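Have a look at the structure below, then the notes.
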Amino acid sequence: MLSTVLNFAQCVAEISLLGGIEIASVALIVYYVFAKTRAPIIIANLFPNLNLSTIRSELLVTLRSSNESKPKTGVKHGTGTQNMLELTPHSGRRPYKSIFDWGVIFPYVAQVVRSEKFKYPQVTGNVHNDVVLKHAIKQAADQTLREQRYAKNGHRLLSRSISGDQDEEEDAQAGISYQNILNKQEKRAISILKDMGSTLNNALLAFTSWLLYKLLPCFLSGVVTDTKQIQMLRTAAEKSPGTPLIFVPLHRSHLDYIMVTFILTNNDIRSPLVAAGNNLQIPVFGSLLRGLGAFFIKRKIDPVEGKKDVLYRAALHLYLTHALKQGHNVEFFIEGGRTRTGKPCMPKGGILSVIVNAFMDGSIPDALLVPVSVNYERLVDGNFVREQKGEKKIPESFTKAISGIWKALNSNYGLMRIDFNEPYSIRELVNSYNKIALEDGSTKVYKPAARTLQHNQSTSSLYGTDVVCEEHRNLIDSISRQVVFDCAAATSVMSTNALAFLLLTRYRQGAVEQTLAAALDDLRNSLSGCKDIGFSGESFHVLAYACDLLGPGLVSRSRDDNGRIFIRAVQSVESFIELAYYSNMLTPHFALSSILMSTYHALLPPPSTEPADNKATLGVCSKKLIATALQNCQVYRYEFILNKPTQVLENLLHKHLDELIISGCINKLEFSNEMSDTKTRRIARDLSYYLDGEDYDGPLEETETIDLLYASETLPQQRYICEILAPFSNTYLAVAQALQILNRNSMLESEFISFVINDLTKRVEQGSCPYAESISTDSVRNCLKLLEKWSVIEVCNQRGMRLISLNTLYEMSQESLNTIIKKIEAVVPKFNQV
């Protein structure tokens, strides 16, 4: 009896213990769901009379761990935008369904399951059966046969025909088999298409979307876009169901590949095929990207410099053409790769030329180009300081990807902003350029040729090799430059961009928080109406938030003797280079003003040459200023796209000059009478541009007299405007001065770039160059392109290596070389303080 009672008590105790553990586990799970998910919102919708706010707050206070870090302060994103991570239009209770609809309990699952599904037909099969590819296979085989004949027998057999019984006998004797070569090329074509092809499918899109809804909030406070832009894309797709959308983003991060697809998929817009570099074909992640729409392209299409890979070019050309014909949308990065400097790179028109070809061939009735602007408060990929300092890029790998994801999940990168700009039709662009080409008016800026565009099909080439006509090349260049210009102009300014810009232009030695907040207010006012601001709120809060995001490695915050917060860029080369990445997002917007201001100071006579009585009349002729500024703009032709192809650069300079006069940076002669005229001219140009898309062609100042007077009272403001492009001009000057080492001596381009970077590093350390961000391999390369365009240097390829040397004229004449140095030196800011 006693044993029975004891056994019963033991069972009760065990059951109670297990029950207690189970109840505690369930309670913890319920708490996690309640406190960490949308459960309170769901319950509030089901029971509107139940007030859960008090209960939830008490639970959070009671159960939050004492060592849990405080959530980071944030700022509101721009007005009129929504966080896509919180927007789930397909979740919740569906009409005429029970209040216990599963979409209420599992909103993210409902979102990805209920979103519209599209058919994504495979492309590689059609490409493989295309007669054009078979012709390219034969062409590649013929090329290989000629090479083998030359290697075996030299010129004697090289000139013979490809086929013929006697030729085949001689080839067999030399150990050459044309049939074997043809078979190898056919197998290579299959391999190329297999490596290239996308496997885009709805199942992987849905799973990845659900995963991103869960993971992105771990390291991003939001993915923000304007819902009106989404509706605009949806309307465009519905109006022209057979017209593909061509998404053309500026490339900043590897996350760009996925996020555009994520937003489109969850807003019922067909996901695009995405052109990706084959360096991303890494285990697991390569297959994942392929299933999300990526088709992989070799980073270097031609393995041997000067020898075209006709088979690969034909396969890529046909893959894109068939994808468009089968109704796929397409996404590609027109810059070719991620920007290393934070500003847009010069466009590459290869893929764009294929799309234009498809329209001109009649393969597709039209295509809608959609410029896409992407920006981050803090770059998820880290930074490009190593590459800017001349060090080799670390190649992508599985280990690097895993470590990058782990680091991202434990970090805070703030907001990501994506803007979809208004689409424009390929058909309308071609027709408009044809119209310009048919007009004989000399005042037109863009005139591809004296006749309309002609097109002959090219089956084995991409843009940049054997494009059939110069008009086509000009058309592609113009469209691509306009896309990049529009993307840059529409990119939203994030809080970190604004802070970095102020620290590198106005306050390189730092400033107290109150001063920086006032400067931020001034910057926001100057950008109002010109660029979209991706943040809102009090400037003090914005500064604190941006400092936290950038971190103590880039920005230091301390208190001065008066107890005020002092903010300063960390004084190291690496910090300045990384801050320049964020600052350069704003640089193109102020580039023309900086060129004008630097040119103005360069044209001012030295203060010592002017008598004291004439200081008030110290100035520059406006006509001379514009003419000289136009010349200086040419120095930056490979660094910035300063105007659209349809805009007159001179008129834009006049517009920015008017703004400098109104802001008080330059005094206009008889300023009180001329102010209204200046404002009138600026308003006329603005109205003409926004209403007609053309520049104002009204009367401009033609006087030769000095009419732009020196404004000593705004010298600090003038100085910071000049500072905007000062790092670039210092880099260009270092490159020009380094040309001396090429005298009677050829040099590998990579070695010359390393020499210039080392020279710039020494200048920064010695203080002769005050801008650490001038250490930039990208700017060095852009300057070399400029010097090659000016025929100062010659570039030749030998066994895949680029050799540079001085042109004969500059090699023989030191005076000619000094002229080039002075020409570049003219854009380096010189400050006059009277």
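Residue numbers start at 1 in each chain; chains themselves are named A, B, ... in the order of the structure tokens; ligands are numbered from 1 in the order shown.
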For stretch 282-294 of chain A, please output as an mmCIF file with N, CA and C atoms, in the first residue's frame all residues within 8 Å (counting only C-alpha atoms; exclusion window: fewer than 6 positions along the same chain).
data_model
loop_
_atom_site.group_PDB
_atom_site.id
_atom_site.type_symbol
_atom_site.label_atom_id
_atom_site.label_comp_id
_atom_site.auth_asym_id
_atom_site.auth_seq_id
_atom_site.Cartn_x
_atom_site.Cartn_y
_atom_site.Cartn_z
ATOM 1 N N GLY A 197 23.020 30.015 -68.906
ATOM 2 C CA GLY A 197 21.570 30.031 -68.795
ATOM 3 C C GLY A 197 21.022 30.203 -67.393
ATOM 4 N N SER A 198 19.896 30.895 -67.318
ATOM 5 C CA SER A 198 19.169 31.092 -66.064
ATOM 6 C C SER A 198 18.146 29.992 -65.879
ATOM 7 N N THR A 199 17.818 29.690 -64.624
ATOM 8 C CA THR A 199 16.769 28.709 -64.302
ATOM 9 C C THR A 199 15.679 29.365 -63.456
ATOM 10 N N LEU A 200 15.324 30.585 -63.802
ATOM 11 C CA LEU A 200 14.341 31.361 -63.053
ATOM 12 C C LEU A 200 13.050 30.570 -62.871
ATOM 13 N N ASN A 201 12.568 30.487 -61.620
ATOM 14 C CA ASN A 201 11.343 29.731 -61.359
ATOM 15 C C ASN A 201 10.605 30.334 -60.170
ATOM 16 N N LEU A 204 11.487 29.053 -56.259
ATOM 17 C CA LEU A 204 12.642 29.651 -55.596
ATOM 18 C C LEU A 204 12.403 31.127 -55.310
ATOM 19 N N LEU A 205 11.694 31.820 -56.203
ATOM 20 C CA LEU A 205 11.350 33.216 -55.949
ATOM 21 C C LEU A 205 10.522 33.350 -54.678
ATOM 22 N N ILE A 258 19.446 41.034 -55.965
ATOM 23 C CA ILE A 258 18.288 40.364 -55.377
ATOM 24 C C ILE A 258 17.150 41.324 -55.069
ATOM 25 N N THR A 261 14.569 42.280 -57.810
ATOM 26 C CA THR A 261 13.711 41.115 -58.026
ATOM 27 C C THR A 261 12.735 40.934 -56.875
ATOM 28 N N SER A 271 9.435 39.099 -62.784
ATOM 29 C CA SER A 271 10.841 39.212 -62.389
ATOM 30 C C SER A 271 11.731 39.143 -63.620
ATOM 31 N N PRO A 272 12.840 39.887 -63.615
ATOM 32 C CA PRO A 272 13.688 39.937 -64.807
ATOM 33 C C PRO A 272 14.788 38.881 -64.795
ATOM 34 N N LEU A 273 15.326 38.605 -65.967
ATOM 35 C CA LEU A 273 16.597 37.905 -66.081
ATOM 36 C C LEU A 273 17.694 38.932 -65.818
ATOM 37 N N VAL A 274 18.656 38.578 -64.969
ATOM 38 C CA VAL A 274 19.656 39.540 -64.510
ATOM 39 C C VAL A 274 21.034 39.150 -65.037
ATOM 40 N N ALA A 275 21.683 40.060 -65.739
ATOM 41 C CA ALA A 275 23.045 39.826 -66.221
ATOM 42 C C ALA A 275 24.010 39.922 -65.040
ATOM 43 N N ALA A 276 24.737 38.826 -64.786
ATOM 44 C CA ALA A 276 25.661 38.769 -63.653
ATOM 45 C C ALA A 276 27.019 38.293 -64.132
ATOM 46 N N GLU A 396 35.604 36.579 -55.260
ATOM 47 C CA GLU A 396 34.455 36.022 -54.562
ATOM 48 C C GLU A 396 34.646 34.518 -54.359
ATOM 49 N N SER A 397 34.214 34.023 -53.213
ATOM 50 C CA SER A 397 34.312 32.604 -52.906
ATOM 51 C C SER A 397 33.197 32.240 -51.938
ATOM 52 N N PHE A 398 32.991 30.934 -51.738
ATOM 53 C CA PHE A 398 31.961 30.467 -50.816
ATOM 54 C C PHE A 398 32.262 30.933 -49.393
#
**Study point:** Who sits within 10 Å of A:Leu657, only C-alpha atoms, same chain under 2 positions skipped, as a VMD selection string
**Key:** chain A and resid 592 to 593 596 to 597 622 625 to 626 651 to 655 659 to 663 665 to 666 678 682 708
Next, write the just-selected residues to a file, as an mmCIF file, in the first residue's frame, keeping N, CA and C atoms as the atom set.
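Now in result14.cif:
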data_model
loop_
_atom_site.group_PDB
_atom_site.id
_atom_site.type_symbol
_atom_site.label_atom_id
_atom_site.label_comp_id
_atom_site.auth_asym_id
_atom_site.auth_seq_id
_atom_site.Cartn_x
_atom_site.Cartn_y
_atom_site.Cartn_z
ATOM 1 N N LEU A 592 29.425 71.037 -61.825
ATOM 2 C CA LEU A 592 29.520 72.214 -62.688
ATOM 3 C C LEU A 592 29.755 73.487 -61.876
ATOM 4 N N SER A 593 29.108 73.584 -60.723
ATOM 5 C CA SER A 593 29.342 74.756 -59.868
ATOM 6 C C SER A 593 30.786 74.783 -59.389
ATOM 7 N N LEU A 596 33.044 75.903 -62.267
ATOM 8 C CA LEU A 596 32.914 77.353 -62.468
ATOM 9 C C LEU A 596 33.651 78.137 -61.395
ATOM 10 N N MET A 597 33.489 77.710 -60.144
ATOM 11 C CA MET A 597 34.111 78.440 -59.047
ATOM 12 C C MET A 597 35.639 78.330 -59.100
ATOM 13 N N SER A 622 32.542 87.483 -67.778
ATOM 14 C CA SER A 622 31.674 86.303 -67.772
ATOM 15 C C SER A 622 31.861 85.457 -69.031
ATOM 16 N N LEU A 625 34.955 83.512 -68.593
ATOM 17 C CA LEU A 625 34.754 82.481 -67.589
ATOM 18 C C LEU A 625 34.059 81.269 -68.193
ATOM 19 N N ILE A 626 32.991 81.476 -68.960
ATOM 20 C CA ILE A 626 32.256 80.365 -69.556
ATOM 21 C C ILE A 626 33.127 79.614 -70.552
ATOM 22 N N ASN A 651 24.885 76.227 -71.951
ATOM 23 C CA ASN A 651 23.684 76.761 -71.311
ATOM 24 C C ASN A 651 23.577 76.306 -69.854
ATOM 25 N N LEU A 652 23.996 75.076 -69.579
ATOM 26 C CA LEU A 652 24.003 74.597 -68.199
ATOM 27 C C LEU A 652 24.988 75.391 -67.353
ATOM 28 N N LEU A 653 26.131 75.734 -67.925
ATOM 29 C CA LEU A 653 27.107 76.549 -67.191
ATOM 30 C C LEU A 653 26.529 77.923 -66.871
ATOM 31 N N HIS A 654 25.831 78.513 -67.810
ATOM 32 C CA HIS A 654 25.182 79.804 -67.550
ATOM 33 C C HIS A 654 24.154 79.678 -66.425
ATOM 34 N N LYS A 655 23.415 78.567 -66.415
ATOM 35 C CA LYS A 655 22.413 78.357 -65.369
ATOM 36 C C LYS A 655 23.076 78.262 -63.995
ATOM 37 N N GLU A 659 23.047 80.769 -60.524
ATOM 38 C CA GLU A 659 22.821 80.323 -59.151
ATOM 39 C C GLU A 659 23.944 80.785 -58.224
ATOM 40 N N LEU A 660 25.178 80.795 -58.713
ATOM 41 C CA LEU A 660 26.296 81.291 -57.909
ATOM 42 C C LEU A 660 26.152 82.783 -57.635
ATOM 43 N N ILE A 661 25.651 83.511 -58.609
ATOM 44 C CA ILE A 661 25.437 84.953 -58.429
ATOM 45 C C ILE A 661 24.333 85.201 -57.401
ATOM 46 N N ILE A 662 23.238 84.446 -57.515
ATOM 47 C CA ILE A 662 22.124 84.622 -56.587
ATOM 48 C C ILE A 662 22.537 84.253 -55.159
ATOM 49 N N SER A 663 23.387 83.235 -55.014
ATOM 50 C CA SER A 663 23.825 82.818 -53.674
ATOM 51 C C SER A 663 24.874 83.752 -53.087
ATOM 52 N N CYS A 665 28.071 84.089 -54.117
ATOM 53 C CA CYS A 665 29.464 83.643 -54.282
ATOM 54 C C CYS A 665 30.218 84.519 -55.287
ATOM 55 N N ILE A 666 29.471 85.103 -56.223
ATOM 56 C CA ILE A 666 30.040 86.017 -57.206
ATOM 57 C C ILE A 666 29.130 87.229 -57.277
ATOM 58 N N THR A 678 19.016 88.168 -63.756
ATOM 59 C CA THR A 678 19.616 86.865 -63.516
ATOM 60 C C THR A 678 18.553 85.852 -63.122
ATOM 61 N N ARG A 682 17.309 82.497 -65.223
ATOM 62 C CA ARG A 682 17.307 81.167 -64.623
ATOM 63 C C ARG A 682 15.917 80.545 -64.695
ATOM 64 N N LEU A 708 31.889 90.161 -63.491
ATOM 65 C CA LEU A 708 31.719 89.254 -62.363
ATOM 66 C C LEU A 708 32.750 89.625 -61.311
#
Review point. Could you pull out the helix (DSSP H, G or I) residues of stretch 189-307 of chain A from DSSP and send them as number ranges by chain?
Key: A: 189-196, 202-219, 227-239, 255-265, 278-280, 285-291
Include C-alpha atoms and write out the residues we just selected as a CSV table (one decimal), in the first residue's frame.
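Okay, out_7.csv is ready:
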chain,number,residue,atom,x,y,z
A,189,ALA,CA,28.6,26.0,-77.6
A,190,ILE,CA,26.5,23.6,-75.4
A,191,SER,CA,28.9,24.3,-72.5
A,192,ILE,CA,28.6,28.0,-72.9
A,193,LEU,CA,24.8,27.9,-72.9
A,194,LYS,CA,24.8,25.6,-69.9
A,195,ASP,CA,27.1,28.0,-67.9
A,196,MET,CA,25.2,31.1,-69.1
A,202,ASN,CA,8.4,30.7,-59.1
A,203,ALA,CA,9.2,28.2,-56.3
A,204,LEU,CA,12.6,29.7,-55.6
A,205,LEU,CA,11.3,33.2,-55.9
A,206,ALA,CA,8.7,32.5,-53.3
A,207,PHE,CA,11.1,30.8,-50.9
A,208,THR,CA,13.7,33.5,-51.2
A,209,SER,CA,11.1,36.2,-50.8
A,210,TRP,CA,9.9,34.6,-47.5
A,211,LEU,CA,13.6,34.2,-46.4
A,212,LEU,CA,14.3,37.9,-47.1
A,213,TYR,CA,11.3,39.1,-45.2
A,214,LYS,CA,12.8,37.3,-42.2
A,215,LEU,CA,16.5,38.1,-42.7
A,216,LEU,CA,16.6,41.6,-44.1
A,217,PRO,CA,15.3,43.2,-40.9
A,218,CYS,CA,18.2,41.7,-39.0
A,219,PHE,CA,20.6,44.2,-40.7
A,227,THR,CA,4.6,52.9,-54.1
A,228,LYS,CA,3.6,55.3,-56.8
A,229,GLN,CA,6.6,54.2,-58.8
A,230,ILE,CA,5.6,50.6,-58.3
A,231,GLN,CA,2.1,51.4,-59.6
A,232,MET,CA,3.7,53.2,-62.6
A,233,LEU,CA,5.6,50.1,-63.5
A,234,ARG,CA,2.5,47.9,-63.1
A,235,THR,CA,0.5,50.3,-65.4
A,236,ALA,CA,3.3,50.3,-68.0
A,237,ALA,CA,3.4,46.4,-68.0
A,238,GLU,CA,-0.4,46.2,-68.3
A,239,LYS,CA,-0.6,48.7,-71.1
A,255,LEU,CA,22.5,42.9,-52.8
A,256,ASP,CA,21.3,44.9,-55.8
A,257,TYR,CA,20.9,41.7,-57.8
A,258,ILE,CA,18.3,40.4,-55.4
A,259,MET,CA,16.5,43.4,-54.1
A,260,VAL,CA,15.0,44.6,-57.4
A,261,THR,CA,13.7,41.1,-58.0
A,262,PHE,CA,12.3,41.0,-54.4
A,263,ILE,CA,10.3,44.2,-54.9
A,264,LEU,CA,9.0,43.3,-58.3
A,265,THR,CA,8.0,39.7,-57.3
A,278,ASN,CA,30.7,34.7,-63.8
A,279,ASN,CA,32.8,35.6,-60.8
A,280,LEU,CA,29.6,35.0,-58.8
A,285,PHE,CA,25.1,31.0,-54.1
A,286,GLY,CA,25.7,30.7,-57.9
A,287,SER,CA,22.9,28.2,-58.2
A,288,LEU,CA,20.7,30.3,-56.0
A,289,LEU,CA,21.3,33.4,-58.1
A,290,ARG,CA,20.7,31.4,-61.3
A,291,GLY,CA,17.3,30.3,-59.9
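Relative to atom CA of A:Glu335, atom CA of A:Ser754 is found at 23.8 Å.
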Check your understanding: For A:Ile476, which residue among A:Ile824, A:Glu422, A:Phe535, A:Val356 is the nearest when counting only C-alpha atoms?
Key -> A:Val356
Check your understanding: Using only C-alpha atoms, which residues sit within 9 Å of A:Val354 once same-chain residues fewer than 4 positions away are excluded, as a VMD selection string?
Key -> chain A and resid 317 to 318 320 to 321 349 to 350 358 to 359 462 to 463
Review point. Please, which residues of stretch 462-675 of chain A, numbered as in this document, come out strand (DSSP E) from DSSP, as a ChimeraX atom specification?
Key: /A:511-512,555-559,565-569,619-620,666-668
Export, as a compact mmCIF listing (two decimals), in the first residue's frame, the selected residues with C-alpha atoms.
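The result, written out as part27.txt:
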# COMPACT_ATOMS: atom_id res chain seq x y z
CA ALA A 511 33.05 71.21 -36.29
CA VAL A 512 30.79 71.36 -33.27
CA VAL A 555 33.72 59.63 -37.62
CA SER A 556 34.80 60.60 -34.13
CA ARG A 557 32.53 62.33 -31.60
CA SER A 558 34.02 63.98 -28.56
CA ARG A 559 33.39 66.93 -26.27
CA ILE A 565 29.94 67.69 -29.05
CA PHE A 566 32.70 67.95 -31.67
CA ILE A 567 32.35 65.82 -34.82
CA ARG A 568 35.33 65.12 -37.04
CA ALA A 569 36.41 62.68 -39.72
CA GLY A 619 36.76 90.40 -61.19
CA VAL A 620 36.45 88.34 -64.37
CA ILE A 666 30.04 86.02 -57.21
CA ASN A 667 28.95 89.64 -57.42
CA LYS A 668 27.44 90.84 -60.66
Check your understanding: What lies within 12 Å of A:Gln514 using only C-alpha atoms, ignoring chain neighbours under 4 positions off, as a PyMOL selection string?
Key -> chain A and resi 510+518-521+538-541+543-544+564-567
